[in-house]
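Next comes model06.cif, with mmCIF, C-alpha atoms.
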data_protein
#
loop_
_atom_site.label_atom_id
_atom_site.label_comp_id
_atom_site.auth_asym_id
_atom_site.auth_seq_id
_atom_site.Cartn_x
_atom_site.Cartn_y
_atom_site.Cartn_z
CA MET A 1 0.00 0.00 0.00
CA GLY A 2 1.65 3.16 -1.21
CA GLY A 3 0.45 3.77 -4.75
CA PRO A 4 -3.05 3.98 -6.20
CA ASP A 5 -4.32 1.74 -3.42
CA ALA A 6 -3.22 4.30 -0.83
CA GLU A 7 -4.90 7.05 -2.83
CA ASN A 8 -8.12 5.03 -2.71
CA VAL A 9 -7.96 4.97 1.08
CA ARG A 10 -7.08 8.68 1.12
CA ASP A 11 -10.27 9.39 -0.86
CA LEU A 12 -12.56 6.82 0.73
CA VAL A 13 -12.23 7.76 4.40
CA PRO A 14 -13.24 11.44 3.93
CA THR A 15 -16.11 10.26 1.74
CA LEU A 16 -17.37 7.92 4.45
CA LEU A 17 -17.06 10.71 7.01
CA ARG A 18 -19.02 13.10 4.77
CA GLN A 19 -21.71 10.45 4.43
CA GLY A 20 -22.04 10.46 8.19
CA HIS A 21 -20.29 7.23 9.10
CA ARG A 22 -18.65 7.46 12.49
CA LYS A 23 -17.24 3.95 12.87
CA ILE A 24 -14.72 2.97 10.23
CA LEU A 25 -12.83 -0.32 10.27
CA ILE A 26 -9.97 -0.90 7.80
CA ASP A 27 -9.22 -4.55 7.08
CA LEU A 28 -5.50 -4.94 6.31
CA GLU A 29 -5.62 -8.68 5.68
CA ASP A 30 -4.93 -8.43 1.95
CA VAL A 31 -2.36 -5.66 2.27
CA SER A 32 1.03 -7.24 1.65
CA TRP A 33 3.14 -4.13 2.31
CA VAL A 34 2.83 -0.54 3.46
CA ASN A 35 5.45 2.10 2.75
CA SER A 36 5.93 5.54 4.29
CA THR A 37 3.46 7.00 1.78
CA GLY A 38 0.84 4.50 2.90
CA LEU A 39 1.60 5.31 6.53
CA GLY A 40 1.01 8.99 5.75
CA VAL A 41 -2.39 8.15 4.30
CA LEU A 42 -3.35 6.10 7.35
CA ILE A 43 -2.25 8.96 9.63
CA ALA A 44 -4.27 11.49 7.61
CA SER A 45 -7.30 9.17 7.75
CA HIS A 46 -6.88 8.73 11.51
CA GLN A 47 -6.70 12.50 12.00
CA ALA A 48 -9.69 13.13 9.73
CA ALA A 49 -11.73 10.67 11.77
CA ILE A 50 -10.74 12.36 15.03
CA ARG A 51 -11.63 15.80 13.64
CA GLU A 52 -15.11 14.52 12.81
CA GLY A 53 -15.57 12.83 16.17
CA ALA A 54 -15.46 9.43 14.48
CA GLN A 55 -13.56 6.25 15.31
CA LEU A 56 -11.15 4.60 12.89
CA LYS A 57 -9.76 1.19 13.70
CA MET A 58 -7.69 -1.34 11.78
CA MET A 59 -7.58 -5.11 11.90
CA ARG A 60 -5.71 -8.17 10.67
CA ALA A 61 -2.33 -6.55 10.00
CA SER A 62 0.35 -9.03 8.96
CA ARG A 63 3.59 -9.41 10.93
CA ARG A 64 5.23 -7.28 8.29
CA ILE A 65 2.78 -4.41 8.74
CA ASP A 66 2.91 -4.81 12.52
CA SER A 67 6.67 -4.44 12.19
CA ILE A 68 6.53 -1.10 10.36
CA PHE A 69 3.86 0.16 12.79
CA GLY A 70 6.18 -0.83 15.64
CA VAL A 71 9.36 0.75 14.27
CA THR A 72 7.55 4.03 13.61
CA ARG A 73 5.63 3.75 16.90
CA LEU A 74 2.39 4.24 15.05
CA ASN A 75 1.19 1.21 16.98
CA THR A 76 0.79 3.67 19.87
CA VAL A 77 -1.52 5.82 17.73
CA PHE A 78 -3.57 3.42 15.64
CA GLN A 79 -6.19 1.17 17.16
CA LEU A 80 -5.23 -2.28 15.92
CA PHE A 81 -7.12 -5.52 16.37
CA ASP A 82 -6.46 -9.14 15.52
CA ASP A 83 -9.94 -9.89 14.24
CA GLU A 84 -13.25 -8.32 13.32
CA GLU A 85 -15.04 -9.43 16.46
CA ALA A 86 -12.53 -7.71 18.72
CA ALA A 87 -12.55 -4.57 16.58
CA LEU A 88 -16.34 -4.32 16.53
CA ARG A 89 -16.50 -4.91 20.27
CA ALA A 90 -14.10 -2.01 20.80
CA PHE A 91 -16.25 0.53 19.03
CA ASP A 92 -18.08 2.63 21.54
CA GLU A 93 -21.78 1.92 21.52
CA ARG A 94 -23.13 5.40 21.11
CA PRO A 95 -26.74 5.84 19.97
CA GLY A 96 -27.27 7.38 16.59
CA GLU A 97 -23.91 6.35 15.21
CA ARG A 98 -23.53 4.07 12.27
CA MET B 1 13.72 8.81 -25.30
CA SER B 2 14.70 6.24 -22.74
CA GLY B 3 14.64 7.27 -19.10
CA GLU B 4 17.38 4.78 -18.34
CA ALA B 5 20.27 6.53 -16.63
CA ALA B 6 23.86 5.39 -16.80
CA ASP B 7 24.81 2.83 -14.21
CA HIS B 8 26.56 4.72 -11.40
CA ILE B 9 26.47 1.89 -8.89
CA PRO B 10 30.10 1.31 -7.94
CA ALA B 11 29.74 -2.28 -6.73
CA HIS B 12 29.35 -5.09 -9.22
CA GLY B 13 30.05 -8.27 -7.25
CA GLU B 14 30.64 -11.73 -8.64
CA PRO B 15 28.60 -12.06 -11.84
CA GLY B 16 26.84 -15.16 -10.58
CA ARG B 17 25.63 -13.43 -7.44
CA VAL B 18 24.28 -10.15 -8.82
CA ILE B 19 20.67 -9.41 -9.74
CA ASP B 20 19.78 -6.15 -11.48
CA LEU B 21 16.30 -4.70 -11.88
CA SER B 22 15.19 -1.47 -13.49
CA ILE B 23 11.64 -0.15 -13.07
CA PRO B 24 9.61 2.87 -14.20
CA SER B 25 8.83 5.39 -11.46
CA ARG B 26 5.40 4.05 -10.57
CA MET B 27 4.57 3.18 -6.98
CA GLU B 28 2.55 0.10 -7.88
CA ILE B 29 5.61 -1.42 -9.59
CA LEU B 30 7.20 -1.62 -6.13
CA SER B 31 5.17 -4.82 -5.77
CA VAL B 32 7.40 -6.32 -8.47
CA VAL B 33 10.47 -5.27 -6.47
CA ASP B 34 8.91 -6.77 -3.37
CA GLY B 35 8.30 -10.03 -5.22
CA LEU B 36 11.96 -10.16 -6.19
CA VAL B 37 13.06 -9.52 -2.61
CA GLN B 38 10.80 -12.33 -1.40
CA ALA B 39 12.32 -14.66 -4.00
CA ILE B 40 15.86 -13.69 -2.99
CA ALA B 41 15.01 -14.24 0.68
CA HIS B 42 13.64 -17.67 -0.17
CA GLN B 43 16.75 -18.48 -2.21
CA LEU B 44 18.98 -17.44 0.70
CA ASP B 45 16.78 -19.24 3.24
CA LEU B 46 16.39 -16.10 5.35
CA ASP B 47 14.29 -16.04 8.50
CA GLU B 48 11.01 -14.13 8.50
CA GLU B 49 12.21 -11.11 10.48
CA THR B 50 15.23 -10.58 8.24
CA THR B 51 13.04 -10.92 5.17
CA ILE B 52 10.57 -8.36 6.51
CA GLU B 53 13.31 -5.87 7.36
CA ILE B 54 15.03 -6.15 3.98
CA ALA B 55 11.78 -6.01 2.00
CA THR B 56 10.45 -3.04 3.94
CA SER B 57 13.72 -1.13 3.55
CA VAL B 58 14.05 -1.81 -0.17
CA ILE B 59 10.47 -0.64 -0.67
CA GLU B 60 11.30 2.55 1.24
CA ALA B 61 14.41 3.21 -0.84
CA GLY B 62 12.35 2.68 -3.98
CA THR B 63 9.59 4.94 -2.64
CA ASN B 64 12.07 7.76 -2.02
CA ALA B 65 13.54 7.34 -5.50
CA ILE B 66 10.13 7.39 -7.19
CA GLN B 67 8.54 10.10 -5.08
CA HIS B 68 11.35 12.50 -4.19
CA GLY B 69 13.92 11.61 -6.84
CA HIS B 70 11.71 11.37 -9.90
CA TYR B 71 8.45 13.03 -8.74
CA GLN B 72 6.69 9.94 -10.10
CA ASP B 73 7.79 10.69 -13.67
CA GLU B 74 7.37 7.16 -15.02
CA ALA B 75 9.74 7.83 -17.89
CA LYS B 76 12.57 7.96 -15.36
CA ARG B 77 13.77 4.60 -14.19
CA VAL B 78 14.92 3.41 -10.78
CA ARG B 79 17.76 0.92 -10.81
CA PHE B 80 18.14 -1.79 -8.16
CA ARG B 81 21.15 -4.06 -7.71
CA PHE B 82 21.15 -6.98 -5.29
CA ILE B 83 24.51 -8.56 -4.44
CA LEU B 84 24.04 -11.87 -2.70
CA GLY B 85 27.00 -12.45 -0.40
CA GLU B 86 27.65 -15.44 1.82
CA THR B 87 26.98 -13.51 5.02
CA GLU B 88 25.52 -10.23 3.80
CA LEU B 89 23.02 -8.93 1.28
CA GLU B 90 23.87 -5.64 -0.42
CA VAL B 91 21.20 -3.60 -2.14
CA TRP B 92 21.91 -0.52 -4.23
CA VAL B 93 19.15 1.82 -5.39
CA GLN B 94 19.86 4.54 -7.93
CA ASP B 95 17.67 7.41 -9.07
CA GLN B 96 18.31 10.43 -11.27
CA GLY B 97 16.97 12.94 -8.75
CA PRO B 98 18.51 16.15 -7.49
CA GLY B 99 19.39 14.71 -4.09
CA PHE B 100 18.42 16.10 -0.70
CA ASP B 101 19.83 17.55 2.50
CA LEU B 102 20.91 14.34 4.19
CA GLN B 103 21.95 15.95 7.48
CA SER B 104 18.55 17.50 8.08
CA VAL B 105 16.91 14.13 7.46
CA LEU B 106 19.30 12.32 9.81
CA ASN B 107 18.54 14.86 12.53
CA THR B 108 14.83 14.11 12.53
CA ASP B 109 13.19 11.46 14.65
CA PRO B 110 9.63 10.80 13.47
CA THR B 111 8.89 8.81 16.64
CA ARG B 112 9.11 11.90 18.86
CA PRO B 113 5.64 12.54 20.28
CA GLU B 114 5.43 15.96 18.61
CA ASP B 115 6.31 14.44 15.23
CA LEU B 116 4.39 11.19 15.46
CA MET B 117 1.40 12.46 13.49
CA LYS B 118 3.36 14.03 10.67
CA ALA B 119 2.41 12.48 7.36
CA ARG B 120 5.95 12.45 5.93
CA GLY B 121 9.58 11.98 6.85
CA ARG B 122 9.77 8.32 7.86
CA GLY B 123 11.46 6.58 4.93
CA ILE B 124 15.12 6.93 5.87
CA PHE B 125 14.32 6.42 9.55
CA ILE B 126 12.66 3.09 8.70
CA MET B 127 15.63 1.96 6.60
CA ARG B 128 18.11 2.87 9.35
CA ALA B 129 16.02 1.05 11.96
CA MET B 130 15.79 -2.15 9.93
CA MET B 131 19.10 -2.49 8.10
CA ASP B 132 22.66 -2.92 9.41
CA GLY B 133 24.04 -0.33 7.02
CA VAL B 134 22.41 2.61 5.21
CA GLU B 135 24.63 4.95 3.20
CA PHE B 136 23.91 7.67 0.68
CA ASP B 137 25.95 8.99 -2.20
CA ILE B 138 24.30 12.18 -3.43
CA ARG B 139 25.70 13.51 -6.67
CA PRO B 140 23.65 16.59 -7.59
CA GLY B 141 22.84 16.68 -11.27
CA VAL B 142 23.92 13.07 -11.71
CA CYS B 143 22.18 10.65 -9.38
CA THR B 144 21.41 9.63 -5.83
CA LEU B 145 22.61 6.23 -4.63
CA VAL B 146 21.38 4.38 -1.56
CA HIS B 147 23.45 1.47 -0.30
CA LEU B 148 21.73 -0.93 2.09
CA THR B 149 23.45 -3.85 3.79
CA LYS B 150 22.03 -6.60 5.95
CA HIS B 151 23.78 -9.46 7.73
CA LEU B 152 21.95 -12.62 6.83
CA ARG B 153 20.10 -14.66 9.40
CA ARG B 154 18.96 -17.98 8.12
CA GLY B 155 16.47 -20.06 9.90
CA ASN B 156 12.99 -21.22 9.27
CA GLY B 157 13.10 -22.73 5.84
CA GLY B 158 13.10 -19.46 3.95
CA ALA B 159 9.73 -18.29 5.19
CA SER B 160 8.30 -15.46 3.20
CA ALA B 161 6.72 -12.39 4.68
CA PRO B 162 3.09 -12.05 3.66
#
Here is a file; write its structure as C-alpha cells.
Amino acid sequence: MGGPDAENVRDLVPTLLRQGHRKILIDLEDVSWVNSTGLGVLIASHQAAIREGAQLKMMRASRRIDSIFGVTRLNTVFQLFDDEEAALRAFDERPGER
Amino acid sequence: MSGEAADHIPAHGEPGRVIDLSIPSRMEILSVVDGLVQAIAHQLDLDEETTIEIATSVIEAGTNAIQHGHYQDEAKRVRFRFILGETELEVWVQDQGPGFDLQSVLNTDPTRPEDLMKARGRGIFIMRAMMDGVEFDIRPGVCTLVHLTKHLRRGNGGASAP
C-alpha cells in the first residue's frame, strides 16, 4: 500500500465521514506491504476521523505491517485488532452512530 | 527517449551473485520489487524477520527514488542491484533525482511525540532502523545512490513475509 491503493484509502475515508459514518474499520488482511506514503495516508485518515468525532480502527495486520507500525511507533496511535469481532466490540456503543 | 540513466552503482560483485532490476517510477511497480526480494530471501533461506526488514527497507528506498527523486515521472527509471553475499546482502538503489539535504533528514526522529502524526519523513528512519548499514551517495545533477546492507540470518526454511 503506497500507490493507487493508498490514494483510494485517502479518498474513501473522507467520503465515508461526509456520508455520516462514524465507525470505520480498515481490514488490512490483503495488504502485503505498506510504505511511508501509505503510513502517511493512514495517519491522515486517523486524523480526519478524530476531527469529525469518528472512530477509525484497523484489523488483521500481517507481521510485516505490525513491524513497520512498531518501528515508527504508530502502533501507539492506531487502534489495531487481531480480528473483526474484537474490533467491533471495541467501538463505543453510542446511539445514533452508524 | 529512454529514461534509463547510466549505471553509477560502484559495486558489481561476482557475476553469478548479482541481480539487477530497473523499473519505471510508478509506486505500484514496487510490488514487483517486493516479489523479487521475497524470491531472494527464499533463495537465501532467510528467516522471517530478516526478510521483513530487507523487503520493507528496499520498498522505502524505492519509494524515495520514485517520489522524491523522480516526482513519479514514469519515464525515469529506478535501478536496483542486489549482491548476494555469503553472510551479507547488499542492495543498491539509484535514481536520477537532485538529491536532498541528508543531514537535516538524519537529525529528525519521526517517533518523537510531537512528530508522530506528521504524514511524511519516515522513509530513511525506517531503513536505518531495519538495516545494518544505510549509506547515501548524493551527486547533484547526476544521481542519488542508496546502499543498504544486511547481515543474513537464516532459519525457518526461507519463510516469506506475507
**OP:** Would you kindly translate the PyMOL selection byres ((chain B) within 8 of (chain A)) into the concrete residues it picks from this file, as a list in words?
**Re:**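 Applying the expression gives Arg26, Met27, Glu28, Ile52, Thr56, Ile59, Glu60, Thr63, Pro110, Thr111, Leu116, Met117, Lys118, Ala119, Arg120, Gly121, Arg122, Gly123, Ile126, Ala129, Ala161 and Pro162 of chain B.
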Subject >> Neighbour list for stretch 21-28 of chain A as a PyMOL selection string, cut-off 12 Å, all atoms listed in the file, skip fewer than 6 positions in-chain >> reply: (chain A and resi 1+5-6+9+12-15+34+38+42+45-46+48-66+78-98) or (chain B and resi 162)
For the structure provided, state which residues fall under the PyMOL selection byres ((chain B and resi 32-45) around 10), and present them as a PDB file with C-alpha atoms, in the coordinates of the input.
ATOM      1  CA  SER A  32       1.030  -7.240   1.650  1.00  0.00           C
ATOM      2  CA  TRP A  33       3.140  -4.130   2.310  1.00  0.00           C
TER       3      TRP A  33
ATOM      4  CA  ILE B  19      20.670  -9.410  -9.740  1.00  0.00           C
ATOM      5  CA  LEU B  21      16.300  -4.700 -11.880  1.00  0.00           C
ATOM      6  CA  SER B  22      15.190  -1.470 -13.490  1.00  0.00           C
ATOM      7  CA  ILE B  23      11.640  -0.150 -13.070  1.00  0.00           C
ATOM      8  CA  GLU B  28       2.550   0.100  -7.880  1.00  0.00           C
ATOM      9  CA  ILE B  29       5.610  -1.420  -9.590  1.00  0.00           C
ATOM     10  CA  LEU B  30       7.200  -1.620  -6.130  1.00  0.00           C
ATOM     11  CA  SER B  31       5.170  -4.820  -5.770  1.00  0.00           C
ATOM     12  CA  LEU B  46      16.390 -16.100   5.350  1.00  0.00           C
ATOM     13  CA  ASP B  47      14.290 -16.040   8.500  1.00  0.00           C
ATOM     14  CA  GLU B  48      11.010 -14.130   8.500  1.00  0.00           C
ATOM     15  CA  THR B  50      15.230 -10.580   8.240  1.00  0.00           C
ATOM     16  CA  THR B  51      13.040 -10.920   5.170  1.00  0.00           C
ATOM     17  CA  ILE B  52      10.570  -8.360   6.510  1.00  0.00           C
ATOM     18  CA  ILE B  54      15.030  -6.150   3.980  1.00  0.00           C
ATOM     19  CA  ALA B  55      11.780  -6.010   2.000  1.00  0.00           C
ATOM     20  CA  THR B  56      10.450  -3.040   3.940  1.00  0.00           C
ATOM     21  CA  VAL B  58      14.050  -1.810  -0.170  1.00  0.00           C
ATOM     22  CA  ILE B  59      10.470  -0.640  -0.670  1.00  0.00           C
ATOM     23  CA  GLY B  62      12.350   2.680  -3.980  1.00  0.00           C
ATOM     24  CA  PHE B  80      18.140  -1.790  -8.160  1.00  0.00           C
ATOM     25  CA  PHE B  82      21.150  -6.980  -5.290  1.00  0.00           C
ATOM     26  CA  LEU B  84      24.040 -11.870  -2.700  1.00  0.00           C
ATOM     27  CA  GLY B  85      27.000 -12.450  -0.400  1.00  0.00           C
ATOM     28  CA  GLU B  86      27.650 -15.440   1.820  1.00  0.00           C
ATOM     29  CA  THR B  87      26.980 -13.510   5.020  1.00  0.00           C
ATOM     30  CA  LEU B  89      23.020  -8.930   1.280  1.00  0.00           C
ATOM     31  CA  LEU B 152      21.950 -12.620   6.830  1.00  0.00           C
ATOM     32  CA  ARG B 153      20.100 -14.660   9.400  1.00  0.00           C
ATOM     33  CA  ARG B 154      18.960 -17.980   8.120  1.00  0.00           C
ATOM     34  CA  GLY B 155      16.470 -20.060   9.900  1.00  0.00           C
ATOM     35  CA  ASN B 156      12.990 -21.220   9.270  1.00  0.00           C
ATOM     36  CA  GLY B 157      13.100 -22.730   5.840  1.00  0.00           C
ATOM     37  CA  GLY B 158      13.100 -19.460   3.950  1.00  0.00           C
ATOM     38  CA  ALA B 159       9.730 -18.290   5.190  1.00  0.00           C
ATOM     39  CA  SER B 160       8.300 -15.460   3.200  1.00  0.00           C
ATOM     40  CA  ALA B 161       6.720 -12.390   4.680  1.00  0.00           C
ATOM     41  CA  PRO B 162       3.090 -12.050   3.660  1.00  0.00           C
TER      42      PRO B 162
END
Subject >> Test item: the PyMOL selection byres ((chain B and resi 106) around 12) resolved as a ChimeraX atom specification >> reply: /B:100-105,107-110,121-129,134-136
Name the residues within 10 Å of (25.6, 3.3, -4.3), counting only C-alpha atoms in the file's coordinates, and put them as a PDB file with C-alpha atoms, keeping the file's coordinate frame.
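Listed below is the output, point.pdb:
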ATOM      1  CA  ASP B   7      24.810   2.830 -14.210  1.00  0.00           C
ATOM      2  CA  HIS B   8      26.560   4.720 -11.400  1.00  0.00           C
ATOM      3  CA  ILE B   9      26.470   1.890  -8.890  1.00  0.00           C
ATOM      4  CA  PRO B  10      30.100   1.310  -7.940  1.00  0.00           C
ATOM      5  CA  ALA B  11      29.740  -2.280  -6.730  1.00  0.00           C
ATOM      6  CA  PHE B  80      18.140  -1.790  -8.160  1.00  0.00           C
ATOM      7  CA  ARG B  81      21.150  -4.060  -7.710  1.00  0.00           C
ATOM      8  CA  GLU B  90      23.870  -5.640  -0.420  1.00  0.00           C
ATOM      9  CA  VAL B  91      21.200  -3.600  -2.140  1.00  0.00           C
ATOM     10  CA  TRP B  92      21.910  -0.520  -4.230  1.00  0.00           C
ATOM     11  CA  VAL B  93      19.150   1.820  -5.390  1.00  0.00           C
ATOM     12  CA  GLN B  94      19.860   4.540  -7.930  1.00  0.00           C
ATOM     13  CA  GLU B 135      24.630   4.950   3.200  1.00  0.00           C
ATOM     14  CA  PHE B 136      23.910   7.670   0.680  1.00  0.00           C
ATOM     15  CA  ASP B 137      25.950   8.990  -2.200  1.00  0.00           C
ATOM     16  CA  ILE B 138      24.300  12.180  -3.430  1.00  0.00           C
ATOM     17  CA  CYS B 143      22.180  10.650  -9.380  1.00  0.00           C
ATOM     18  CA  THR B 144      21.410   9.630  -5.830  1.00  0.00           C
ATOM     19  CA  LEU B 145      22.610   6.230  -4.630  1.00  0.00           C
ATOM     20  CA  VAL B 146      21.380   4.380  -1.560  1.00  0.00           C
ATOM     21  CA  HIS B 147      23.450   1.470  -0.300  1.00  0.00           C
ATOM     22  CA  LEU B 148      21.730  -0.930   2.090  1.00  0.00           C
TER      23      LEU B 148
END
Original post:
At what distance in Å, to one decimal, does atom CA of B:Glu53 lie from atom CA of B:Gln67?
Top reply: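 Atom CA of B:Glu53 lies 20.8 Å from atom CA of B:Gln67.
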Original post:
When you draw a straight line from atom CA of B:Pro24 to atom CA of B:Gly141, how long is it in Å?
Top reply: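 Going from atom CA of B:Pro24 over to atom CA of B:Gly141 covers 19.3 Å.
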**OP:** Figure out the distance between atom CA of B:Pro140 and atom CA of B:Ala75, please, to one decimal in Å.
**Re:** 19.4 Å
Subject >> Residue among B:Glu49, B:Asp132, B:Asp73, B:Asp115 lying closest to B:Glu88, counting only C-alpha atoms >> reply: B:Asp132
Can you sort out stretch 22-44 of chain A so it carries N, CA and C atoms, written as an mmCIF file, in the coordinates of the input?
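So selection11.cif came out as:
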data_model
loop_
_atom_site.group_PDB
_atom_site.id
_atom_site.type_symbol
_atom_site.label_atom_id
_atom_site.label_comp_id
_atom_site.auth_asym_id
_atom_site.auth_seq_id
_atom_site.Cartn_x
_atom_site.Cartn_y
_atom_site.Cartn_z
ATOM 1 N N ARG A 22 -19.479 7.074 11.347
ATOM 2 C CA ARG A 22 -18.650 7.460 12.490
ATOM 3 C C ARG A 22 -17.858 6.289 13.056
ATOM 4 N N LYS A 23 -18.022 5.136 12.467
ATOM 5 C CA LYS A 23 -17.240 3.950 12.870
ATOM 6 C C LYS A 23 -16.655 3.340 11.607
ATOM 7 N N ILE A 24 -15.366 3.458 11.445
ATOM 8 C CA ILE A 24 -14.720 2.970 10.230
ATOM 9 C C ILE A 24 -13.666 1.927 10.612
ATOM 10 N N LEU A 25 -13.753 0.777 9.987
ATOM 11 C CA LEU A 25 -12.830 -0.320 10.270
ATOM 12 C C LEU A 25 -12.084 -0.681 8.974
ATOM 13 N N ILE A 26 -10.777 -0.555 8.978
ATOM 14 C CA ILE A 26 -9.970 -0.900 7.800
ATOM 15 C C ILE A 26 -9.392 -2.291 7.988
ATOM 16 N N ASP A 27 -9.720 -3.170 7.037
ATOM 17 C CA ASP A 27 -9.220 -4.550 7.080
ATOM 18 C C ASP A 27 -7.923 -4.624 6.271
ATOM 19 N N LEU A 28 -6.827 -4.928 6.958
ATOM 20 C CA LEU A 28 -5.500 -4.940 6.310
ATOM 21 C C LEU A 28 -5.087 -6.336 5.847
ATOM 22 N N GLU A 29 -6.014 -7.298 5.932
ATOM 23 C CA GLU A 29 -5.620 -8.680 5.680
ATOM 24 C C GLU A 29 -4.951 -8.877 4.317
ATOM 25 N N ASP A 30 -5.468 -8.220 3.296
ATOM 26 C CA ASP A 30 -4.930 -8.430 1.950
ATOM 27 C C ASP A 30 -3.860 -7.410 1.575
ATOM 28 N N VAL A 31 -3.405 -6.651 2.545
ATOM 29 C CA VAL A 31 -2.360 -5.660 2.270
ATOM 30 C C VAL A 31 -1.006 -6.319 2.526
ATOM 31 N N SER A 32 -0.233 -6.501 1.477
ATOM 32 C CA SER A 32 1.030 -7.240 1.650
ATOM 33 C C SER A 32 2.143 -6.332 2.150
ATOM 34 N N TRP A 33 2.128 -5.041 1.777
ATOM 35 C CA TRP A 33 3.140 -4.130 2.310
ATOM 36 C C TRP A 33 2.584 -2.722 2.402
ATOM 37 N N VAL A 34 3.159 -1.962 3.307
ATOM 38 C CA VAL A 34 2.830 -0.540 3.460
ATOM 39 C C VAL A 34 4.149 0.214 3.470
ATOM 40 N N ASN A 35 4.236 1.274 2.678
ATOM 41 C CA ASN A 35 5.450 2.100 2.750
ATOM 42 C C ASN A 35 5.134 3.402 3.488
ATOM 43 N N SER A 36 6.121 4.309 3.517
ATOM 44 C CA SER A 36 5.930 5.540 4.290
ATOM 45 C C SER A 36 4.806 6.388 3.700
ATOM 46 N N THR A 37 4.583 6.278 2.392
ATOM 47 C CA THR A 37 3.460 7.000 1.780
ATOM 48 C C THR A 37 2.136 6.454 2.303
ATOM 49 N N GLY A 38 2.042 5.136 2.361
ATOM 50 C CA GLY A 38 0.840 4.500 2.900
ATOM 51 C C GLY A 38 0.624 4.862 4.362
ATOM 52 N N LEU A 39 1.722 4.915 5.124
ATOM 53 C CA LEU A 39 1.600 5.310 6.530
ATOM 54 C C LEU A 39 1.030 6.723 6.632
ATOM 55 N N GLY A 40 1.503 7.617 5.743
ATOM 56 C CA GLY A 40 1.010 8.990 5.750
ATOM 57 C C GLY A 40 -0.484 9.056 5.482
ATOM 58 N N VAL A 41 -0.957 8.195 4.596
ATOM 59 C CA VAL A 41 -2.390 8.150 4.300
ATOM 60 C C VAL A 41 -3.180 7.647 5.509
ATOM 61 N N LEU A 42 -2.653 6.629 6.164
ATOM 62 C CA LEU A 42 -3.350 6.100 7.350
ATOM 63 C C LEU A 42 -3.379 7.148 8.460
ATOM 64 N N ILE A 43 -2.281 7.892 8.623
ATOM 65 C CA ILE A 43 -2.250 8.960 9.630
ATOM 66 C C ILE A 43 -3.286 10.035 9.292
ATOM 67 N N ALA A 44 -3.310 10.456 8.029
ATOM 68 C CA ALA A 44 -4.270 11.490 7.610
ATOM 69 C C ALA A 44 -5.703 11.006 7.836
#
